[in-house]
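Student: Structure provided below as structure tokens; questions to follow.
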Amino acid sequence: MKTYLVTGGAGFIGSNFIMYMLKKYQDIKIINFDKLTYAGNLENLKEIQQDERYIFIQGDTCDKKLVEDVFQKYEINFVVNFAAETHVDRSITCPEVFAETNVIGTLNLLNCAKESWQTRDGFKDGVKFLHVSTDEVYGSLGNSGYFIETTPLDPRSPYSASKASSDLMVKAFNDTYNMPINITRCSNNYGPYQFPEKLIPLLINNCIKHKSLPVYGDGLNIRDWLYVEDHCKAIDLVIKKGKAGEIYNIGGHNEKTNIDIVKTVIKYLNENFDSNINESLISYVKDRKGHDRRYAIDPAKIKKELGWYPETCFEDGIKKTIKWYLDNEQWIDTITAGEYKNYYEKMYENKIQNKSI
Ligand code: NAD
Ligand code: TYD
């Protein structure tokens, strides 16, 4: 039985990953280690909270003693490091916490994994540290070209700078100690359980509530969207078959301008939910500072070497996602309640009043 230490497993992708893995494999154990920041929510995992193959530990990846205890108590085979501060807009207003969690937290995990896995002549068999990263570390593209694994890092926001720093620390543990690692760099994900500060769930939530839809700048920035389950499938493959030390880019060749996404969400909801939802809700607001223009992944390496391919096309994925949010309206209200509500509302009001982020 293999044991996975999944950090940040109560967030968007981490919770989808845990559900995906427990459905796919009978003979695994998953320890979900999560600080439960505003972005972490155990509601996401309520279906499996009684599953005896699943253990939850509330903790901070920066907490050395606690992470050491986890490695001592459990025989960990794989670390899957999702834990991060992830929202670019928040990184612009408060970069410090991004350095703490994304860089120091990752370094602490690397150190504890190394201590636990190192043998006299190297590392235990069958262990691996998989670090989940992002295409944003490569910076911003012009109208043409794609990010490949050897594209130079050129992060431009505090979020992407902190992710690039953690990637380099993970790489250094491979180069220096020969620690078995992989780094995955995925494009923008969408799907169930994404916190509604991110574009797609924000649009759905605001449409349902007839609130205006803030579109930054000219709305022509491009992101490359992937359904979250396809990302989970790629991570599973990289853990199993990825060559130690390698980086894998993950993306489904699905580039869309932001305004295309906005109009797609409006059209679906107009036709299937409420005919009062229409393009009059769109509100062009002040652009994000340093807003990256275009991201686009070339996934040729993971396709060729590991046989990965995306299963869900955007047309199906976006319908499934919108339907999920309609069926789980209460989920959004629960997770945006309480302490976070004030911050969230202030952020929204600032956007709509064209104050800069
Ligand atoms: P998220 O913000 O939804 O979840 C982050 C999780 O990490 C939360 O559960 C939070 O409580 C936890 N966390 C934060 N700080 C912690 C700490 N110090 N210790 C322990 N847990 C902590 O993020 P997400 O969208 O699920 O992203 C997961 C990972 O995937 C991140 O590393 C992100 O950089 C990467 N990624 C995300 C996307 C995307 O489109 N969302 C795309 C590519 C890569
Ligand atoms: P986001 O979901 O924050 O992801 P990222 O910035 O990490 O790619 O944003 C996706 C795109 O949507 C990005 O170009 C910024 C834009 N955007 C808006 O236009 N309005 C919004 O309210 C938000 C949150 C994002």
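Lettering and numbering for the structure tokens are positional, with chains as A, B, ... in the shown order, residues counted from 1 in each chain, and ligands counted from 1 in the shown order.
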Give me, as a PDB file with N, CA and C atoms, in the first residue's frame, the set of residues whose atoms come within 7 Å of any atom of ligand 1, counting only C-alpha atoms and all ligand atoms.

Tutor:
```pdb
ATOM      1  N   THR A   7      -0.246  17.873   0.192  1.00  0.00           N
ATOM      2  CA  THR A   7      -0.377  19.147   0.898  1.00  0.00           C
ATOM      3  C   THR A   7      -1.360  20.026   0.120  1.00  0.00           C
ATOM      4  N   GLY A   8      -2.113  20.838   0.847  1.00  0.00           N
ATOM      5  CA  GLY A   8      -3.099  21.702   0.178  1.00  0.00           C
ATOM      6  C   GLY A   8      -4.252  20.908  -0.414  1.00  0.00           C
ATOM      7  N   GLY A   9      -4.540  19.761   0.204  1.00  0.00           N
ATOM      8  CA  GLY A   9      -5.577  18.871  -0.341  1.00  0.00           C
ATOM      9  C   GLY A   9      -6.997  19.340  -0.097  1.00  0.00           C
ATOM     10  N   ALA A  10      -7.167  20.439   0.669  1.00  0.00           N
ATOM     11  CA  ALA A  10      -8.529  20.950   0.866  1.00  0.00           C
ATOM     12  C   ALA A  10      -8.836  22.099  -0.093  1.00  0.00           C
ATOM     13  N   GLY A  11      -7.890  22.398  -0.980  1.00  0.00           N
ATOM     14  CA  GLY A  11      -8.122  23.451  -1.970  1.00  0.00           C
ATOM     15  C   GLY A  11      -8.772  22.883  -3.226  1.00  0.00           C
ATOM     16  N   PHE A  12      -8.797  23.689  -4.252  1.00  0.00           N
ATOM     17  CA  PHE A  12      -9.493  23.333  -5.497  1.00  0.00           C
ATOM     18  C   PHE A  12      -8.902  22.070  -6.150  1.00  0.00           C
ATOM     19  N   ILE A  13      -7.656  22.151  -6.597  1.00  0.00           N
ATOM     20  CA  ILE A  13      -7.107  21.010  -7.347  1.00  0.00           C
ATOM     21  C   ILE A  13      -6.783  19.847  -6.411  1.00  0.00           C
ATOM     22  N   GLY A  14      -6.268  20.181  -5.209  1.00  0.00           N
ATOM     23  CA  GLY A  14      -5.911  19.131  -4.252  1.00  0.00           C
ATOM     24  C   GLY A  14      -7.112  18.259  -3.898  1.00  0.00           C
ATOM     25  N   PHE A  33      -2.628  17.174   4.210  1.00  0.00           N
ATOM     26  CA  PHE A  33      -2.017  18.108   5.172  1.00  0.00           C
ATOM     27  C   PHE A  33      -2.322  19.519   4.689  1.00  0.00           C
ATOM     28  N   ASP A  34      -3.185  20.213   5.406  1.00  0.00           N
ATOM     29  CA  ASP A  34      -3.654  21.507   4.903  1.00  0.00           C
ATOM     30  C   ASP A  34      -3.838  22.483   6.054  1.00  0.00           C
ATOM     31  N   LYS A  35      -3.433  23.703   5.819  1.00  0.00           N
ATOM     32  CA  LYS A  35      -3.547  24.746   6.858  1.00  0.00           C
ATOM     33  C   LYS A  35      -4.982  25.235   7.021  1.00  0.00           C
ATOM     34  N   LEU A  36      -5.801  24.986   6.013  1.00  0.00           N
ATOM     35  CA  LEU A  36      -7.169  25.525   5.973  1.00  0.00           C
ATOM     36  C   LEU A  36      -7.148  27.056   6.028  1.00  0.00           C
ATOM     37  N   THR A  37      -6.517  27.647   5.035  1.00  0.00           N
ATOM     38  CA  THR A  37      -6.626  29.093   4.844  1.00  0.00           C
ATOM     39  C   THR A  37      -8.022  29.361   4.269  1.00  0.00           C
ATOM     40  N   TYR A  38      -8.297  30.617   3.901  1.00  0.00           N
ATOM     41  CA  TYR A  38      -9.605  30.919   3.310  1.00  0.00           C
ATOM     42  C   TYR A  38      -9.890  30.013   2.102  1.00  0.00           C
ATOM     43  N   ALA A  39      -8.826  29.523   1.438  1.00  0.00           N
ATOM     44  CA  ALA A  39      -9.018  28.754   0.198  1.00  0.00           C
ATOM     45  C   ALA A  39      -9.201  27.259   0.441  1.00  0.00           C
ATOM     46  N   GLY A  40      -8.994  26.825   1.676  1.00  0.00           N
ATOM     47  CA  GLY A  40      -9.102  25.403   1.973  1.00  0.00           C
ATOM     48  C   GLY A  40     -10.412  25.112   2.673  1.00  0.00           C
ATOM     49  N   ASN A  41     -11.069  24.041   2.250  1.00  0.00           N
ATOM     50  CA  ASN A  41     -12.416  23.818   2.725  1.00  0.00           C
ATOM     51  C   ASN A  41     -12.703  22.320   2.798  1.00  0.00           C
ATOM     52  N   GLY A  59      -2.433  21.667   9.317  1.00  0.00           N
ATOM     53  CA  GLY A  59      -1.096  22.163   9.638  1.00  0.00           C
ATOM     54  C   GLY A  59      -0.542  23.029   8.529  1.00  0.00           C
ATOM     55  N   ASP A  60       0.534  23.726   8.904  1.00  0.00           N
ATOM     56  CA  ASP A  60       1.173  24.674   7.998  1.00  0.00           C
ATOM     57  C   ASP A  60       2.457  24.015   7.468  1.00  0.00           C
ATOM     58  N   THR A  61       2.673  24.069   6.172  1.00  0.00           N
ATOM     59  CA  THR A  61       3.882  23.454   5.608  1.00  0.00           C
ATOM     60  C   THR A  61       5.154  24.135   6.142  1.00  0.00           C
ATOM     61  N   CYS A  62       5.016  25.347   6.679  1.00  0.00           N
ATOM     62  CA  CYS A  62       6.190  26.028   7.255  1.00  0.00           C
ATOM     63  C   CYS A  62       6.513  25.516   8.662  1.00  0.00           C
ATOM     64  N   ASN A  81       2.848  18.190  -3.660  1.00  0.00           N
ATOM     65  CA  ASN A  81       2.799  19.504  -3.011  1.00  0.00           C
ATOM     66  C   ASN A  81       1.926  20.504  -3.783  1.00  0.00           C
ATOM     67  N   PHE A  82       0.648  20.563  -3.357  1.00  0.00           N
ATOM     68  CA  PHE A  82      -0.279  21.556  -3.916  1.00  0.00           C
ATOM     69  C   PHE A  82      -0.300  22.824  -3.067  1.00  0.00           C
ATOM     70  N   ALA A  83       0.081  22.708  -1.787  1.00  0.00           N
ATOM     71  CA  ALA A  83      -0.138  23.814  -0.845  1.00  0.00           C
ATOM     72  C   ALA A  83       0.504  25.091  -1.365  1.00  0.00           C
ATOM     73  N   ALA A  84      -0.287  26.124  -1.477  1.00  0.00           N
ATOM     74  CA  ALA A  84       0.236  27.402  -1.979  1.00  0.00           C
ATOM     75  C   ALA A  84      -0.798  28.489  -1.772  1.00  0.00           C
ATOM     76  N   GLU A  85      -0.310  29.717  -1.760  1.00  0.00           N
ATOM     77  CA  GLU A  85      -1.181  30.872  -1.981  1.00  0.00           C
ATOM     78  C   GLU A  85      -1.236  31.010  -3.493  1.00  0.00           C
ATOM     79  N   THR A  86      -2.442  31.183  -4.036  1.00  0.00           N
ATOM     80  CA  THR A  86      -2.572  30.998  -5.489  1.00  0.00           C
ATOM     81  C   THR A  86      -3.191  32.151  -6.267  1.00  0.00           C
ATOM     82  N   HIS A  87      -3.667  33.190  -5.573  1.00  0.00           N
ATOM     83  CA  HIS A  87      -4.409  34.187  -6.353  1.00  0.00           C
ATOM     84  C   HIS A  87      -3.524  35.395  -6.687  1.00  0.00           C
ATOM     85  N   THR A 101       4.551  30.777   2.296  1.00  0.00           N
ATOM     86  CA  THR A 101       3.999  29.442   2.008  1.00  0.00           C
ATOM     87  C   THR A 101       4.661  28.814   0.783  1.00  0.00           C
ATOM     88  N   GLY A 105       7.590  27.179   2.797  1.00  0.00           N
ATOM     89  CA  GLY A 105       6.820  25.946   3.036  1.00  0.00           C
ATOM     90  C   GLY A 105       7.348  24.801   2.178  1.00  0.00           C
ATOM     91  N   VAL A 132       3.743  20.672  -7.596  1.00  0.00           N
ATOM     92  CA  VAL A 132       2.738  21.130  -8.563  1.00  0.00           C
ATOM     93  C   VAL A 132       2.970  22.613  -8.845  1.00  0.00           C
ATOM     94  N   SER A 133       3.384  22.922 -10.067  1.00  0.00           N
ATOM     95  CA  SER A 133       3.640  24.319 -10.388  1.00  0.00           C
ATOM     96  C   SER A 133       2.743  24.786 -11.545  1.00  0.00           C
ATOM     97  N   THR A 134       3.110  25.886 -12.122  1.00  0.00           N
ATOM     98  CA  THR A 134       2.200  26.573 -13.024  1.00  0.00           C
ATOM     99  C   THR A 134       2.922  27.109 -14.262  1.00  0.00           C
ATOM    100  N   ASP A 135       2.170  27.268 -15.341  1.00  0.00           N
ATOM    101  CA  ASP A 135       2.757  27.861 -16.560  1.00  0.00           C
ATOM    102  C   ASP A 135       3.137  29.330 -16.336  1.00  0.00           C
ATOM    103  N   LYS A 163       6.291  30.999  -7.077  1.00  0.00           N
ATOM    104  CA  LYS A 163       6.227  29.629  -7.627  1.00  0.00           C
ATOM    105  C   LYS A 163       7.546  29.291  -8.330  1.00  0.00           C
ATOM    106  N   ARG A 185       4.039  21.716 -14.598  1.00  0.00           N
ATOM    107  CA  ARG A 185       3.617  23.110 -14.815  1.00  0.00           C
ATOM    108  C   ARG A 185       2.385  23.096 -15.696  1.00  0.00           C
ATOM    109  N   CYS A 186       1.267  23.380 -15.050  1.00  0.00           N
ATOM    110  CA  CYS A 186      -0.016  23.263 -15.755  1.00  0.00           C
ATOM    111  C   CYS A 186      -0.570  24.647 -16.086  1.00  0.00           C
ATOM    112  N   SER A 187      -1.421  24.661 -17.103  1.00  0.00           N
ATOM    113  CA  SER A 187      -2.120  25.887 -17.475  1.00  0.00           C
ATOM    114  C   SER A 187      -3.321  26.107 -16.543  1.00  0.00           C
ATOM    115  N   ASN A 188      -4.125  27.128 -16.800  1.00  0.00           N
ATOM    116  CA  ASN A 188      -5.272  27.458 -15.924  1.00  0.00           C
ATOM    117  C   ASN A 188      -6.263  26.298 -15.839  1.00  0.00           C
ATOM    118  N   ASN A 189      -6.632  25.925 -14.626  1.00  0.00           N
ATOM    119  CA  ASN A 189      -7.631  24.872 -14.416  1.00  0.00           C
ATOM    120  C   ASN A 189      -9.010  25.477 -14.197  1.00  0.00           C
ATOM    121  N   TYR A 190     -10.033  24.688 -14.511  1.00  0.00           N
ATOM    122  CA  TYR A 190     -11.391  25.065 -14.127  1.00  0.00           C
ATOM    123  C   TYR A 190     -12.139  23.787 -13.785  1.00  0.00           C
ATOM    124  N   GLN A 194     -13.676  25.261  -7.236  1.00  0.00           N
ATOM    125  CA  GLN A 194     -12.690  26.350  -7.352  1.00  0.00           C
ATOM    126  C   GLN A 194     -13.213  27.569  -6.607  1.00  0.00           C
ATOM    127  N   PHE A 195     -12.364  28.183  -5.824  1.00  0.00           N
ATOM    128  CA  PHE A 195     -12.775  29.323  -5.004  1.00  0.00           C
ATOM    129  C   PHE A 195     -13.221  30.489  -5.906  1.00  0.00           C
TER     130      PHE A 195
END
```

Student: Taking 2 positions as the minimum chain separation for residues in the same chain, which residues sit within 7 Å of segment 233-242 of chain A when counting only C-alpha atoms? Answer as a list in words.

Tutor: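 Everything that qualifies: Leu130, Glu229, Asp230, His231, Ala244, Leu306 and Trp308 of chain A.
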
Student: Could you please take those selected residues and save C-alpha atoms as a PDB file, in the first residue's frame?

Tutor:
```pdb
ATOM      1  CA  LEU A 130       6.076  15.921  -6.922  1.00  0.00           C
ATOM      2  CA  GLU A 229      -9.690  16.130 -13.748  1.00  0.00           C
ATOM      3  CA  ASP A 230      -7.306  16.090 -16.720  1.00  0.00           C
ATOM      4  CA  HIS A 231      -4.717  17.818 -14.520  1.00  0.00           C
ATOM      5  CA  ALA A 244      13.063  11.510 -11.764  1.00  0.00           C
ATOM      6  CA  LEU A 306       3.841   9.390 -20.676  1.00  0.00           C
ATOM      7  CA  TRP A 308      -1.161  11.748 -21.387  1.00  0.00           C
TER       8      TRP A 308
END
```

Student: As a list in words, please: the residues near Ser212 of chain A (cut-off 9 Å, only C-alpha atoms, same-chain neighbours under 3 positions excluded).

Tutor: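 Here the answer would be Leu203, Asn206, Cys207, Lys209, Ser280, Leu281, Ile282, Ser283 and Ile352 of chain A.
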
Student: Please report, as a PyMOL selection string, each residue of segment 86-240 of chain A to which DSSP assigns strand (DSSP E or B) when run on this structure's backbone.

Tutor: chain A and resi 118-119+122-123+128-134+147+181-186+188-190+213-216+222-227

Student: Could you dump the residues just selected with N, CA and C atoms as a short mmCIF file (atom, residue, chain, number, x, y, z; two decimals), in the first residue's frame?

Tutor:
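Saved result, part-v4.cif, follows:
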```cif
data_model
loop_
_atom_site.label_atom_id
_atom_site.label_comp_id
_atom_site.auth_asym_id
_atom_site.auth_seq_id
_atom_site.Cartn_x
_atom_site.Cartn_y
_atom_site.Cartn_z
N GLN A 118 16.40 9.73 2.94
CA GLN A 118 17.79 9.50 2.59
C GLN A 118 18.32 8.22 3.24
N THR A 119 19.11 7.47 2.46
CA THR A 119 19.80 6.29 3.00
C THR A 119 21.30 6.56 2.90
N GLY A 122 21.98 6.90 -0.92
CA GLY A 122 21.07 7.64 -1.81
C GLY A 122 19.72 7.82 -1.17
N PHE A 123 18.68 7.41 -1.89
CA PHE A 123 17.32 7.56 -1.37
C PHE A 123 16.62 6.20 -1.38
N LYS A 128 9.10 9.69 -4.09
CA LYS A 128 9.18 10.82 -5.02
C LYS A 128 8.49 12.06 -4.44
N PHE A 129 9.06 13.21 -4.75
CA PHE A 129 8.48 14.50 -4.35
C PHE A 129 7.95 15.17 -5.62
N LEU A 130 6.64 15.26 -5.74
CA LEU A 130 6.08 15.92 -6.92
C LEU A 130 5.60 17.32 -6.54
N HIS A 131 6.17 18.29 -7.21
CA HIS A 131 5.84 19.69 -6.91
C HIS A 131 4.92 20.21 -8.02
N VAL A 132 3.74 20.67 -7.60
CA VAL A 132 2.74 21.13 -8.56
C VAL A 132 2.97 22.61 -8.85
N SER A 133 3.38 22.92 -10.07
CA SER A 133 3.64 24.32 -10.39
C SER A 133 2.74 24.79 -11.54
N THR A 134 3.11 25.89 -12.12
CA THR A 134 2.20 26.57 -13.02
C THR A 134 2.92 27.11 -14.26
N PHE A 147 4.93 27.77 -24.41
CA PHE A 147 5.90 27.44 -23.36
C PHE A 147 6.28 25.97 -23.49
N ILE A 181 12.58 13.84 -7.75
CA ILE A 181 11.52 14.87 -7.80
C ILE A 181 10.93 14.92 -9.22
N ASN A 182 9.75 15.47 -9.31
CA ASN A 182 9.22 15.96 -10.59
C ASN A 182 8.57 17.31 -10.34
N ILE A 183 8.58 18.14 -11.38
CA ILE A 183 7.84 19.40 -11.32
C ILE A 183 6.83 19.37 -12.47
N THR A 184 5.58 19.67 -12.17
CA THR A 184 4.60 19.79 -13.25
C THR A 184 4.20 21.26 -13.37
N ARG A 185 4.04 21.72 -14.60
CA ARG A 185 3.62 23.11 -14.81
C ARG A 185 2.38 23.10 -15.70
N CYS A 186 1.27 23.38 -15.05
CA CYS A 186 -0.02 23.26 -15.75
C CYS A 186 -0.57 24.65 -16.09
N ASN A 188 -4.12 27.13 -16.80
CA ASN A 188 -5.27 27.46 -15.92
C ASN A 188 -6.26 26.30 -15.84
N ASN A 189 -6.63 25.92 -14.63
CA ASN A 189 -7.63 24.87 -14.42
C ASN A 189 -9.01 25.48 -14.20
N TYR A 190 -10.03 24.69 -14.51
CA TYR A 190 -11.39 25.07 -14.13
C TYR A 190 -12.14 23.79 -13.78
N LEU A 213 -19.97 41.78 -13.93
CA LEU A 213 -18.86 40.87 -14.20
C LEU A 213 -17.63 41.70 -14.53
N PRO A 214 -16.67 41.79 -13.60
CA PRO A 214 -15.50 42.66 -13.84
C PRO A 214 -14.52 42.03 -14.83
N VAL A 215 -14.32 42.72 -15.96
CA VAL A 215 -13.37 42.23 -16.97
C VAL A 215 -12.19 43.20 -16.96
N TYR A 216 -11.00 42.67 -16.71
CA TYR A 216 -9.82 43.54 -16.60
C TYR A 216 -9.37 44.02 -17.98
N ILE A 222 -5.17 36.20 -22.84
CA ILE A 222 -5.48 34.81 -23.20
C ILE A 222 -4.95 33.85 -22.14
N ARG A 223 -5.81 32.89 -21.78
CA ARG A 223 -5.40 31.80 -20.89
C ARG A 223 -5.72 30.48 -21.60
N ASP A 224 -5.00 29.42 -21.18
CA ASP A 224 -5.10 28.11 -21.82
C ASP A 224 -5.80 27.19 -20.81
N TRP A 225 -7.07 26.90 -21.01
CA TRP A 225 -7.89 26.29 -19.94
C TRP A 225 -7.91 24.77 -20.01
N LEU A 226 -7.79 24.13 -18.83
CA LEU A 226 -7.81 22.66 -18.74
C LEU A 226 -8.78 22.24 -17.65
N TYR A 227 -9.59 21.22 -17.96
CA TYR A 227 -10.53 20.70 -16.96
C TYR A 227 -9.73 20.02 -15.84
#
```

Student: Looking at only C-alpha atoms and all ligand atoms, which of A:Ser157, A:Ser166, A:Asn270, A:Asn342 is the one that sits closest to ligand 2?

Tutor: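 For ligand 2, the nearest of the given residues is A:Ser157.
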